[in-house]
Amino acid sequence: MGRARLARLHGIATSYEPSPGRSVQIADDTVVAVLAALGVDASTPHAVRTALAAYEDGPGRALLPRTVTVRAPRPPDRPGLPGLAGLRGLAGLPEGTALRVETEDGQTGGEIPADTAVPETLARLPLGVHALHAEAPDGRTATARLIVAPHRVPAPPVRCHGFLVQLYSLLSRQSWGMGDLGDLADLAAWSGRALGTGFVQLNPLHAAVPGPPTDPSPYRPSSRRFPDPVHLRIEHVPEYARLSGAARSRADELAARAGALRAEVLERGALIDRDAVWALKREALELLWAVPLTPGRRAAYCDFLAEQGQALEDHATWCALAERHGPNWCDWPAELRDPRSAGTARLRPRLLDRIDFHCRLAWFADQQLAAAQQAARDAGMRIGLVHDLAVGVHPTGADTWALQDVFAAGMSIGAPPDAFNSRGQDWGLPPWRPDALAATGYAPYRELLRGLLRHAGALRIDHVMGLFRLWWVPEGRPPTEGAYVRYDGEAMLSVLALEAHRAGAAVIGEDLGTVEPGVRDALAERGVLGTSVLWFERDYGNGDGEGRRDGLRAEATADGEDGAADPADPADPGAPVEARILGPDEWRSACLATVTTHDLPPTAARLTGEDVALRARLGLLAGPPDRERSRARYELAEWLGELTRRGLLPEGAGDEEATVRAVHRFLLRTPARLVGVWLPDAVGDRRPQNLPGTWDEYPNWRLPVAGPDGRPRTLEELAASPRLYALMREFADLSR
């Protein structure tokens with residue numbers, strides 16, 4: 001009982017429900033391992049008693065928790081919840097405790113009596129992260145971070161549509177072998193003006209762990225705090241125009257080699273080779289770094305360095321050290337494994353040039369992201385860029401080196417066993433420690449969001465359920481031997497609402513798969529949009545109010561990214577889905593509605609059966625091939641019948657292009673606030689960008705956008721595609 005109580009005090013669940021009404025107990029040794037990752041020894045009965053006593057004398061006796069959250073009064077035009085919902089952390093203050101607030105801009109208020117006026121007083125403070133000081137009559141004192149957040153994140157300004165695209169896959173005649181930020185700006189400018197789109201949703205652009213070989217997955221980055229310079233358009237760096245002499249000649253040679261690399265992908269069917277692209281760009285960027293900045297550029301760069309501060313210095317230092325010692329900092333000399341060690345401090349002066357080089361690349365990327373967002377807004381987009389926040393980072397990358405105290409060493413996040421996957425999932429990504437986040441006033445999380453929202457009109461959060469709890473798997477153990485660890489969802493959402501408010505950005509949560517009861521309601525209450533995928537919007541009759549969108553489940557892949565699989569009877573994977581298709585008016589309005597995603601088959605592949613054929617060739621089917629093909633045909637027939645009954649398929653079910661248009665017509669009949677078009681769908685691409693459950697068997701994250709014949713299509717060809725324009729005409733009313 002003592003160990004279970006200790007686990008509860010630290011937010012560790014000692015059981016979970018893989019299905020309604022069925023409870024599974026967590027093994028004691030798993031609980032011990034997870035507690036150890038939180039710095040708590042529970043290995044023996046004596047250790048448990050000691051840890052409980054330490055908790056009672058420490059956090060249990062503290063006047064204040066490390067972080068207090070409160071929601072600002074609700075605007076009068078938004079009735080509903082009480083104006084002061086969300087006040088956390090002030091229950092049980094001793095009578096007579098004096099409170100004092102120091103706001104984030106340095107203003108100090110008077111003493112606040114510890115009575116019923118406290119909530120109203122705190123909630124009427126300016127939005128922000130302040131310091132709350134408390135002094136009890138017995139002399140005890142405490143200071144906490146006070147987060148005053150708005151009730152909701154900003155809503156999208158209008159109902160609108162936009163493209164969903166993996167940037168690397170979008171090649172133009174100017175890109176160096178993979179899509180880049182110049183292509184992004186051009187896509188936004190063209191689609192906003194010519195098609196009336198309101199946004200472009202991207203894959204994560206986070207900095208990757210350097211290779212070779214570089215992991216091509218955008219969902220397993222080295223750092224989520226800074227973008228990867230491989231996305232830079234070299235010619236758009238201002239110093240490029242000032243190259244001369246031998247440097248100009250070498251830059252021209254590199255550009256010619258990049259053209260050959262591009263031709264291999266576009267004309268000869270080669271895969272996107274990130275390492276080859278980066279080798280060329282890196283050498284070109286070395287040339288650009290050597291060009292002296294003009295006075296104005298130098299001043300802007302210095303401002304950027306000052307604004308980014310320690311976070312950028314640490315990131316650039318990791319990059320410089322990785323050049324010398326490799327990308328796994330756990331293998332570095334012991335004195336360099338800590339960013340604050342004396343050994344690291346001694347080495348930094350000798351690495352100043354390399355540190356400056358990597359800082360400069362971050363600045364270049366920041367400028368080009370700003371230019372892309374400005375191009376989107378200039379084209380009339382009301383939202384513009386929608387950036388994607390991956391659920392975690394690589395265990396030996398830049399972020400885990402720089403923020404070691406915030407990550408749980410020896411742990412990986414994943415998913416528990418369920419009816420669809422008896423082995424569970426291990427994504428190979430270390431989790432944040434909830435106690436460390438609270439102790440810092442959620443500073444790492446706040447800074448991460450602020451960086452991603454710098455040049456964004458909205459943010460997509462991968463596996464948004466992770467704001468509430470994550471499945472922790474101890475290193476060396478199977479995913480079946482994990483445990484759920486809870487995060488302060490109110491605090492996480494409050495920080496999100498605050499940073500989104502400051503950026504004026506909407507937020508989209510990827511809430512597909514198994515979702516804890518109440519989570520979607522909590523997200524909707526704070527204005528976070530959900531994600532609804534057409535094929536899985538069915539009524540599964542769970543009886544818990546959560547069954548409508550549980551048809552899309554998470555499925556592990558070799559790179560740790562969430563995937564998706566069709567729902568079926570777990571006892572008979574080949575059986576058809578017995579669940580009613582939801583009508584358009586039954587969809588939720590607070591969502592991004594789409595037909596498919598990067599983890600699902602393109603629509604043309606689903607319509608032709610090529611998705612099942614591909615999985616059959618790779619041995620990925622859950623049941624016998626004939627049963628899977630039969631199930632896929634049955635479900636497709638259901639949808640074709642639904643579309644026909646609603647008058648959305650006047651051309652007839654035999655026309656693939658017409659059916660693609662019809663499913664998007666269905667989306668437009670829903671009340672969804674945002675409607676997304678998977679860009680490959682617009683030109684009939686039949687190859688998924690990522691096939692969950694594969695690694696080398698399939699070229700995940702390395703395919704260019706292509707047409708139905710498999711031939712890659714450039715951005716210029718997309719902009720002239722009759723098939724694309726025919727589809728996008730369906731959105732004409734939404735564009736007005």
# chains A, B, ... in the order shown; residues from 1 in each chain; ligands from 1
>>> residues_around(residues="A:Glu642", least_positions_apart="6", cutoff="12 Å", atoms="only C-alpha atoms", output="ChimeraX atom specification")
/A:535,580-584,635-636,648-649,653,659,662-663,666
>>> closest_atom_pairs(of="stretch 642-694 of chain A", to="stretch 168-182 of chain A", cutoff="10 Å", atoms="only C-alpha atoms", output="Markdown table")
| residue | atom | partner | partner_atom | distance |
| --- | --- | --- | --- | --- |
| A:Leu679 | CA | A:Leu170 | CA | 9.3 |
| A:Pro680 | CA | A:Ser169 | CA | 9.5 |
| A:Gln689 | CA | A:Ser169 | CA | 8.6 |
>>> write_last_selection(atoms="N, CA and C atoms", output="compact mmCIF listing (two decimals), in the first residue's frame")
# COMPACT_ATOMS: atom_id res chain seq x y z
N LEU A 679 -2.29 17.35 -50.01
CA LEU A 679 -1.85 17.82 -51.32
C LEU A 679 -1.64 16.69 -52.33
N PRO A 680 -1.05 15.54 -51.95
CA PRO A 680 -0.93 14.45 -52.93
C PRO A 680 -2.27 13.97 -53.48
N GLN A 689 3.08 8.57 -47.65
CA GLN A 689 4.36 9.14 -47.24
C GLN A 689 5.00 8.33 -46.12
>>> closest_residue(among="A:Asp539, A:Asp435, A:Glu730, A:Asp273", to="A:Val40", atoms="only C-alpha atoms")
A:Asp435
>>> atom_distance(atom1="atom CA of A:Thr670", atom2="atom CA of A:Asp585")
5.6 Å
>>> atom_distance(atom1="atom CA of A:Ala258", atom2="atom CA of A:Pro212")
17.9 Å
>>> atom_distance(atom1="atom CA of A:His236", atom2="atom CA of A:Gln368")
7.9 Å
>>> select_by_dssp(residues="stretch 241-471 of chain A", states="strand (DSSP E)", output="CSV table (one decimal) with all heavy atoms, in the first residue's frame")
chain,number,residue,atom,x,y,z
A,384,GLY,N,-2.4,31.1,-42.5
A,384,GLY,CA,-1.0,31.0,-43.0
A,384,GLY,C,-0.4,29.6,-42.6
A,384,GLY,O,-1.1,28.6,-42.8
A,385,LEU,N,0.8,29.6,-42.1
A,385,LEU,CA,1.5,28.4,-41.8
A,385,LEU,C,0.9,27.7,-40.5
A,385,LEU,O,0.7,28.4,-39.5
A,385,LEU,CB,3.0,28.7,-41.6
A,385,LEU,CG,3.7,29.4,-42.8
A,385,LEU,CD1,5.2,29.4,-42.4
A,385,LEU,CD2,3.5,28.7,-44.1
A,386,VAL,N,0.7,26.4,-40.6
A,386,VAL,CA,0.4,25.6,-39.4
A,386,VAL,C,1.5,24.7,-39.2
A,386,VAL,O,1.8,23.7,-39.9
A,386,VAL,CB,-0.9,24.8,-39.7
A,386,VAL,CG1,-1.3,24.0,-38.4
A,386,VAL,CG2,-2.1,25.7,-40.1
A,387,HIS,N,2.3,25.0,-38.1
A,387,HIS,CA,3.5,24.2,-37.8
A,387,HIS,C,3.0,23.0,-37.0
A,387,HIS,O,1.9,23.0,-36.4
A,387,HIS,CB,4.5,25.0,-37.1
A,387,HIS,CG,5.2,26.0,-37.9
A,387,HIS,ND1,6.0,25.5,-39.0
A,387,HIS,CD2,5.3,27.3,-38.0
A,387,HIS,CE1,6.5,26.6,-39.6
A,387,HIS,NE2,6.1,27.7,-39.0
A,388,ASP,N,3.9,22.0,-36.9
A,388,ASP,CA,3.6,20.7,-36.3
A,388,ASP,C,4.6,20.5,-35.2
A,388,ASP,O,5.8,20.6,-35.4
A,388,ASP,CB,3.6,19.6,-37.3
A,388,ASP,CG,3.0,18.3,-36.8
A,388,ASP,OD1,2.6,18.2,-35.7
A,388,ASP,OD2,2.9,17.3,-37.6
A,389,LEU,N,4.1,20.2,-34.0
A,389,LEU,CA,4.9,19.9,-32.8
A,389,LEU,C,4.9,18.4,-32.6
A,389,LEU,O,3.9,17.8,-32.3
A,389,LEU,CB,4.4,20.6,-31.6
A,389,LEU,CG,5.0,20.2,-30.2
A,389,LEU,CD1,6.5,20.6,-30.3
A,389,LEU,CD2,4.3,20.9,-29.1
A,411,MET,N,13.7,6.3,-19.7
A,411,MET,CA,12.3,6.1,-20.0
A,411,MET,C,12.0,6.4,-21.4
A,411,MET,O,12.7,7.3,-22.0
A,411,MET,CB,11.4,6.9,-19.1
A,411,MET,CG,11.4,6.5,-17.6
A,411,MET,SD,10.5,5.0,-17.3
A,411,MET,CE,11.6,4.3,-16.0
A,412,SER,N,11.0,5.7,-22.0
A,412,SER,CA,10.6,6.0,-23.3
A,412,SER,C,9.1,6.1,-23.3
A,412,SER,O,8.4,5.3,-22.5
A,412,SER,CB,11.1,4.9,-24.3
A,412,SER,OG,10.5,5.1,-25.6
A,413,ILE,N,8.5,6.9,-24.1
A,413,ILE,CA,7.0,6.9,-24.2
A,413,ILE,C,6.5,6.0,-25.3
A,413,ILE,O,7.2,5.6,-26.2
A,413,ILE,CB,6.5,8.4,-24.5
A,413,ILE,CG1,7.0,8.9,-25.8
A,413,ILE,CG2,6.9,9.3,-23.3
A,413,ILE,CD1,6.4,10.3,-26.1
A,414,GLY,N,5.3,5.6,-25.1
A,414,GLY,CA,4.7,4.7,-26.1
A,414,GLY,C,3.2,4.5,-25.8
A,414,GLY,O,2.5,5.5,-25.4
A,415,ALA,N,2.7,3.3,-25.9
A,415,ALA,CA,1.3,3.0,-25.7
A,415,ALA,C,1.1,1.6,-25.1
A,415,ALA,O,1.9,0.7,-25.4
A,415,ALA,CB,0.5,3.1,-27.0
A,425,GLN,N,3.4,-0.4,-27.5
A,425,GLN,CA,4.2,0.3,-28.4
A,425,GLN,C,5.3,1.1,-27.6
A,425,GLN,O,5.0,1.6,-26.5
A,425,GLN,CB,3.4,1.4,-29.1
A,425,GLN,CG,2.2,0.8,-29.9
A,425,GLN,CD,1.2,1.9,-30.3
A,425,GLN,OE1,1.7,3.0,-30.6
A,425,GLN,NE2,0.0,1.6,-30.5
A,426,ASP,N,6.5,1.1,-28.2
A,426,ASP,CA,7.6,1.9,-27.6
A,426,ASP,C,8.1,2.8,-28.7
A,426,ASP,O,8.6,2.4,-29.8
A,426,ASP,CB,8.7,1.0,-27.2
A,426,ASP,CG,9.8,1.7,-26.5
A,426,ASP,OD1,10.0,2.9,-26.6
A,426,ASP,OD2,10.6,1.1,-25.8
A,427,TRP,N,7.9,4.1,-28.5
A,427,TRP,CA,8.3,5.1,-29.6
A,427,TRP,C,9.7,5.6,-29.5
A,427,TRP,O,10.1,6.4,-30.4
A,427,TRP,CB,7.3,6.3,-29.5
A,427,TRP,CG,5.9,5.9,-29.7
A,427,TRP,CD1,5.4,4.8,-30.3
A,427,TRP,CD2,4.7,6.6,-29.2
A,427,TRP,NE1,4.0,4.7,-30.3
A,427,TRP,CE2,3.6,5.9,-29.6
A,427,TRP,CE3,4.5,7.8,-28.6
A,427,TRP,CZ2,2.3,6.3,-29.3
A,427,TRP,CZ3,3.2,8.2,-28.3
A,427,TRP,CH2,2.1,7.5,-28.7
A,428,GLY,N,10.4,5.2,-28.5
A,428,GLY,CA,11.8,5.5,-28.4
A,428,GLY,C,12.1,7.0,-28.1
A,428,GLY,O,13.1,7.5,-28.5
A,429,LEU,N,11.2,7.7,-27.5
A,429,LEU,CA,11.3,9.1,-27.2
A,429,LEU,C,11.2,9.3,-25.7
A,429,LEU,O,10.2,8.9,-25.1
A,429,LEU,CB,10.1,9.9,-27.9
A,429,LEU,CG,10.0,9.6,-29.4
A,429,LEU,CD1,8.7,10.2,-29.9
A,429,LEU,CD2,11.1,10.2,-30.2
A,458,ALA,N,-1.1,29.0,-36.8
A,458,ALA,CA,-1.7,27.9,-36.0
A,458,ALA,C,-0.6,26.9,-35.7
A,458,ALA,O,0.4,26.8,-36.4
A,458,ALA,CB,-2.9,27.3,-36.7
A,459,LEU,N,-0.9,26.0,-34.7
A,459,LEU,CA,0.0,25.0,-34.3
A,459,LEU,C,-0.8,23.7,-34.2
A,459,LEU,O,-1.8,23.6,-33.6
A,459,LEU,CB,0.7,25.3,-33.0
A,459,LEU,CG,1.6,24.2,-32.4
A,459,LEU,CD1,2.9,24.1,-33.3
A,459,LEU,CD2,2.0,24.6,-31.0
A,460,ARG,N,-0.3,22.6,-34.8
A,460,ARG,CA,-0.8,21.3,-34.6
A,460,ARG,C,0.1,20.6,-33.6
A,460,ARG,O,1.3,20.6,-33.6
A,460,ARG,CB,-0.7,20.5,-35.9
A,460,ARG,CG,-1.1,19.0,-35.8
A,460,ARG,CD,-0.8,18.2,-37.0
A,460,ARG,NE,-1.2,16.8,-37.0
A,460,ARG,CZ,-0.5,15.8,-36.6
A,460,ARG,NH1,0.7,16.0,-36.1
A,460,ARG,NH2,-1.0,14.6,-36.6
A,461,ILE,N,-0.6,19.9,-32.6
A,461,ILE,CA,0.2,19.2,-31.6
A,461,ILE,C,-0.1,17.7,-31.8
A,461,ILE,O,-1.2,17.2,-31.7
A,461,ILE,CB,-0.3,19.6,-30.2
A,461,ILE,CG1,0.0,21.1,-30.0
A,461,ILE,CG2,0.4,18.8,-29.1
A,461,ILE,CD1,-0.5,21.6,-28.6
A,469,ARG,N,-1.5,12.7,-20.0
A,469,ARG,CA,-0.8,11.5,-19.5
A,469,ARG,C,0.0,10.9,-20.6
A,469,ARG,O,-0.3,11.0,-21.8
A,469,ARG,CB,-1.7,10.5,-18.9
A,469,ARG,CG,-2.7,9.9,-19.8
A,469,ARG,CD,-3.5,8.8,-19.2
A,469,ARG,NE,-4.3,8.1,-20.2
A,469,ARG,CZ,-5.1,7.0,-20.0
A,469,ARG,NH1,-5.2,6.6,-18.7
A,469,ARG,NH2,-5.8,6.5,-20.9
A,470,LEU,N,1.1,10.2,-20.2
A,470,LEU,CA,1.9,9.5,-21.2
A,470,LEU,C,2.2,8.1,-20.6
A,470,LEU,O,2.4,7.9,-19.4
A,470,LEU,CB,3.2,10.2,-21.6
A,470,LEU,CG,3.0,11.4,-22.5
A,470,LEU,CD1,4.3,12.2,-22.5
A,470,LEU,CD2,2.6,11.0,-23.9
A,471,TRP,N,2.3,7.1,-21.5
A,471,TRP,CA,2.7,5.8,-21.1
A,471,TRP,C,4.3,5.7,-21.1
A,471,TRP,O,4.9,5.8,-22.1
A,471,TRP,CB,2.1,4.8,-22.1
A,471,TRP,CG,2.4,3.3,-21.8
A,471,TRP,CD1,3.3,2.5,-22.4
A,471,TRP,CD2,1.7,2.5,-20.9
A,471,TRP,NE1,3.2,1.2,-21.9
A,471,TRP,CE2,2.3,1.2,-21.0
A,471,TRP,CE3,0.7,2.7,-20.0
A,471,TRP,CZ2,1.8,0.1,-20.2
A,471,TRP,CZ3,0.3,1.7,-19.1
A,471,TRP,CH2,0.8,0.4,-19.3
>>> residues_around(residues="stretch 333-339 of chain A", least_positions_apart="4", cutoff="7 Å", atoms="only C-alpha atoms", output="short mmCIF file (atom, residue, chain, number, x, y, z; two decimals) with C-alpha atoms, in the first residue's frame")
data_model
loop_
_atom_site.label_atom_id
_atom_site.label_comp_id
_atom_site.auth_asym_id
_atom_site.auth_seq_id
_atom_site.Cartn_x
_atom_site.Cartn_y
_atom_site.Cartn_z
CA TRP A 329 26.17 12.80 -26.47
CA GLY A 343 34.79 20.84 -19.24
CA THR A 344 32.10 22.20 -21.55
CA TRP A 401 21.66 17.22 -23.66
CA ALA A 402 20.67 20.82 -22.95
#
>>> closest_residue(among="A:Asp405, A:Glu235, A:Asp418, A:Glu135", to="A:Asp183", atoms="only C-alpha atoms")
A:Glu235
>>> closest_residue(among="A:Thr69, A:Thr143, A:Gln25, A:Asn328", to="A:Gly128", atoms="only C-alpha atoms")
A:Thr69
>>> residues_around(residues="A:Gly619", least_positions_apart="5", cutoff="12 Å", atoms="only C-alpha atoms", output="PyMOL selection string")
chain A and resi 612-614+624-625+693-694+697-698
>>> write_last_selection(atoms="all heavy atoms", output="PDB file, in the first residue's frame")
ATOM      1  N   VAL A 612      -4.313  -1.924 -49.751  1.00  0.00           N
ATOM      2  CA  VAL A 612      -4.305  -3.292 -49.237  1.00  0.00           C
ATOM      3  C   VAL A 612      -3.239  -4.119 -49.954  1.00  0.00           C
ATOM      4  O   VAL A 612      -2.529  -4.918 -49.327  1.00  0.00           O
ATOM      5  CB  VAL A 612      -5.688  -3.948 -49.396  1.00  0.00           C
ATOM      6  CG1 VAL A 612      -5.660  -5.401 -48.926  1.00  0.00           C
ATOM      7  CG2 VAL A 612      -6.741  -3.159 -48.621  1.00  0.00           C
ATOM      8  N   ALA A 613      -3.097  -3.911 -51.251  1.00  0.00           N
ATOM      9  CA  ALA A 613      -2.093  -4.662 -52.007  1.00  0.00           C
ATOM     10  C   ALA A 613      -0.686  -4.360 -51.499  1.00  0.00           C
ATOM     11  O   ALA A 613       0.147  -5.264 -51.380  1.00  0.00           O
ATOM     12  CB  ALA A 613      -2.208  -4.320 -53.499  1.00  0.00           C
ATOM     13  N   LEU A 614      -0.412  -3.105 -51.196  1.00  0.00           N
ATOM     14  CA  LEU A 614       0.905  -2.732 -50.679  1.00  0.00           C
ATOM     15  C   LEU A 614       1.173  -3.400 -49.341  1.00  0.00           C
ATOM     16  O   LEU A 614       2.245  -3.985 -49.120  1.00  0.00           O
ATOM     17  CB  LEU A 614       0.991  -1.206 -50.550  1.00  0.00           C
ATOM     18  CG  LEU A 614       2.262  -0.660 -49.883  1.00  0.00           C
ATOM     19  CD1 LEU A 614       3.503  -1.042 -50.672  1.00  0.00           C
ATOM     20  CD2 LEU A 614       2.161   0.864 -49.738  1.00  0.00           C
ATOM     21  N   PRO A 624      -6.003 -12.620 -43.015  1.00  0.00           N
ATOM     22  CA  PRO A 624      -5.742 -13.211 -44.330  1.00  0.00           C
ATOM     23  C   PRO A 624      -6.006 -12.188 -45.437  1.00  0.00           C
ATOM     24  O   PRO A 624      -6.958 -11.403 -45.356  1.00  0.00           O
ATOM     25  CB  PRO A 624      -6.728 -14.379 -44.400  1.00  0.00           C
ATOM     26  CG  PRO A 624      -7.061 -14.686 -42.972  1.00  0.00           C
ATOM     27  CD  PRO A 624      -7.015 -13.394 -42.243  1.00  0.00           C
ATOM     28  N   PRO A 625      -5.167 -12.161 -46.475  1.00  0.00           N
ATOM     29  CA  PRO A 625      -5.331 -11.158 -47.543  1.00  0.00           C
ATOM     30  C   PRO A 625      -6.727 -11.108 -48.138  1.00  0.00           C
ATOM     31  O   PRO A 625      -7.262 -10.015 -48.373  1.00  0.00           O
ATOM     32  CB  PRO A 625      -4.278 -11.596 -48.574  1.00  0.00           C
ATOM     33  CG  PRO A 625      -3.231 -12.291 -47.770  1.00  0.00           C
ATOM     34  CD  PRO A 625      -3.969 -12.996 -46.677  1.00  0.00           C
ATOM     35  N   GLY A 693       4.591   0.650 -39.220  1.00  0.00           N
ATOM     36  CA  GLY A 693       5.005  -0.732 -39.060  1.00  0.00           C
ATOM     37  C   GLY A 693       6.172  -1.134 -39.942  1.00  0.00           C
ATOM     38  O   GLY A 693       6.587  -2.286 -39.934  1.00  0.00           O
ATOM     39  N   THR A 694       6.719  -0.188 -40.720  1.00  0.00           N
ATOM     40  CA  THR A 694       7.844  -0.495 -41.601  1.00  0.00           C
ATOM     41  C   THR A 694       9.037   0.388 -41.265  1.00  0.00           C
ATOM     42  O   THR A 694       8.907   1.458 -40.664  1.00  0.00           O
ATOM     43  CB  THR A 694       7.482  -0.284 -43.075  1.00  0.00           C
ATOM     44  OG1 THR A 694       7.166   1.106 -43.294  1.00  0.00           O
ATOM     45  CG2 THR A 694       6.301  -1.132 -43.471  1.00  0.00           C
ATOM     46  N   GLU A 697      11.684  -1.588 -45.162  1.00  0.00           N
ATOM     47  CA  GLU A 697      10.839  -2.256 -46.149  1.00  0.00           C
ATOM     48  C   GLU A 697      10.116  -1.268 -47.066  1.00  0.00           C
ATOM     49  O   GLU A 697       9.676  -1.635 -48.152  1.00  0.00           O
ATOM     50  CB  GLU A 697       9.782  -3.126 -45.448  1.00  0.00           C
ATOM     51  CG  GLU A 697      10.345  -4.075 -44.406  1.00  0.00           C
ATOM     52  CD  GLU A 697      10.252  -3.471 -43.006  1.00  0.00           C
ATOM     53  OE1 GLU A 697      10.632  -2.294 -42.842  1.00  0.00           O
ATOM     54  OE2 GLU A 697       9.781  -4.192 -42.100  1.00  0.00           O
ATOM     55  N   TYR A 698      10.003  -0.022 -46.615  1.00  0.00           N
ATOM     56  CA  TYR A 698       9.265   0.988 -47.387  1.00  0.00           C
ATOM     57  C   TYR A 698       9.974   2.326 -47.221  1.00  0.00           C
ATOM     58  O   TYR A 698      10.479   2.640 -46.137  1.00  0.00           O
ATOM     59  CB  TYR A 698       7.820   1.082 -46.882  1.00  0.00           C
ATOM     60  CG  TYR A 698       6.955   2.010 -47.711  1.00  0.00           C
ATOM     61  CD1 TYR A 698       6.414   1.569 -48.913  1.00  0.00           C
ATOM     62  CD2 TYR A 698       6.717   3.314 -47.313  1.00  0.00           C
ATOM     63  CE1 TYR A 698       5.643   2.423 -49.695  1.00  0.00           C
ATOM     64  CE2 TYR A 698       5.944   4.171 -48.083  1.00  0.00           C
ATOM     65  CZ  TYR A 698       5.407   3.722 -49.281  1.00  0.00           C
ATOM     66  OH  TYR A 698       4.650   4.568 -50.056  1.00  0.00           O
TER      67      TYR A 698
END
>>> residues_around(residues="stretch 297-304 of chain A", least_positions_apart="2", cutoff="10 Å", atoms="only C-alpha atoms", output="list in words")
Pro238, Glu239, Pro292, Leu293, Thr294, Pro295, Ala306, Glu307, Gln308, Gly309, Leu312, Cys359, Arg360, Ala362, Trp363, Phe364 and Asp366 of chain A
>>> closest_residue(among="A:Asp511, A:Arg423, A:Pro478, A:Leu195", to="A:Leu727", atoms="only C-alpha atoms")
A:Leu195
>>> residues_around(residues="stretch 444-450 of chain A", least_positions_apart="3", cutoff="8 Å", atoms="only C-alpha atoms", output="PyMOL selection string")
chain A and resi 224-225+437+440+453-454+495-496+499+503
>>> write_last_selection(atoms="all heavy atoms", output="tab-separated table (two decimals), in the first residue's frame")
chain	number	residue	atom	x	y	z
A	224	ARG	N	13.34	20.09	-30.85
A	224	ARG	CA	12.08	20.68	-31.29
A	224	ARG	C	12.13	22.20	-31.16
A	224	ARG	O	11.19	22.89	-31.56
A	224	ARG	CB	10.91	20.15	-30.46
A	224	ARG	CG	10.68	18.65	-30.60
A	224	ARG	CD	9.45	18.19	-29.84
A	224	ARG	NE	9.58	18.34	-28.40
A	224	ARG	CZ	8.63	18.05	-27.51
A	224	ARG	NH1	7.46	17.61	-27.94
A	224	ARG	NH2	8.84	18.20	-26.22
A	225	ARG	N	13.23	22.73	-30.61
A	225	ARG	CA	13.28	24.16	-30.33
A	225	ARG	C	13.78	24.99	-31.50
A	225	ARG	O	13.55	26.21	-31.54
A	225	ARG	CB	14.18	24.40	-29.11
A	225	ARG	CG	13.69	23.68	-27.86
A	225	ARG	CD	14.42	24.13	-26.61
A	225	ARG	NE	15.82	23.74	-26.61
A	225	ARG	CZ	16.69	24.14	-25.69
A	225	ARG	NH1	16.30	24.98	-24.74
A	225	ARG	NH2	17.95	23.74	-25.73
A	437	LEU	N	8.93	20.06	-14.89
A	437	LEU	CA	8.22	21.14	-15.58
A	437	LEU	C	7.58	22.09	-14.59
A	437	LEU	O	7.70	23.32	-14.71
A	437	LEU	CB	7.14	20.54	-16.50
A	437	LEU	CG	7.60	19.86	-17.78
A	437	LEU	CD1	6.40	19.25	-18.50
A	437	LEU	CD2	8.32	20.84	-18.69
A	440	THR	N	9.96	24.48	-12.81
A	440	THR	CA	10.47	25.59	-13.62
A	440	THR	C	9.37	26.55	-14.06
A	440	THR	O	9.64	27.46	-14.86
A	440	THR	CB	11.18	25.06	-14.88
A	440	THR	OG1	10.22	24.37	-15.69
A	440	THR	CG2	12.32	24.12	-14.51
A	453	LEU	N	5.61	29.16	-32.46
A	453	LEU	CA	4.55	30.08	-32.84
A	453	LEU	C	5.08	31.42	-33.38
A	453	LEU	O	4.28	32.29	-33.74
A	453	LEU	CB	3.64	30.34	-31.63
A	453	LEU	CG	2.77	29.15	-31.20
A	453	LEU	CD1	2.18	29.39	-29.82
A	453	LEU	CD2	1.67	28.89	-32.22
A	454	ARG	N	6.40	31.57	-33.44
A	454	ARG	CA	6.97	32.85	-33.91
A	454	ARG	C	6.44	33.22	-35.29
A	454	ARG	O	6.14	34.39	-35.56
A	454	ARG	CB	8.50	32.74	-33.99
A	454	ARG	CG	9.22	32.97	-32.70
A	454	ARG	CD	10.70	32.67	-32.87
A	454	ARG	NE	11.38	33.59	-33.76
A	454	ARG	CZ	11.88	34.78	-33.40
A	454	ARG	NH1	11.75	35.20	-32.15
A	454	ARG	NH2	12.51	35.55	-34.26
A	495	VAL	N	-0.67	27.08	-20.16
A	495	VAL	CA	0.52	27.57	-20.85
A	495	VAL	C	0.27	27.65	-22.35
A	495	VAL	O	0.64	28.63	-23.01
A	495	VAL	CB	1.73	26.66	-20.54
A	495	VAL	CG1	2.92	27.03	-21.42
A	495	VAL	CG2	2.11	26.77	-19.07
A	496	LEU	N	-0.36	26.62	-22.90
A	496	LEU	CA	-0.69	26.61	-24.33
A	496	LEU	C	-1.60	27.78	-24.69
A	496	LEU	O	-1.37	28.48	-25.69
A	496	LEU	CB	-1.36	25.29	-24.68
A	496	LEU	CG	-1.83	25.10	-26.12
A	496	LEU	CD1	-0.66	25.18	-27.10
A	496	LEU	CD2	-2.56	23.76	-26.28
A	499	GLU	N	0.47	31.15	-24.56
A	499	GLU	CA	1.40	31.37	-25.67
A	499	GLU	C	0.65	31.52	-26.99
A	499	GLU	O	1.05	32.32	-27.85
A	499	GLU	CB	2.43	30.25	-25.73
A	499	GLU	CG	3.36	30.18	-24.53
A	499	GLU	CD	4.15	31.47	-24.32
A	499	GLU	OE1	4.41	32.19	-25.31
A	499	GLU	OE2	4.49	31.77	-23.16
A	503	ALA	N	0.63	34.86	-29.48
A	503	ALA	CA	0.97	34.76	-30.89
A	503	ALA	C	-0.23	35.00	-31.80
A	503	ALA	O	-0.06	35.14	-33.02
A	503	ALA	CB	1.56	33.38	-31.18
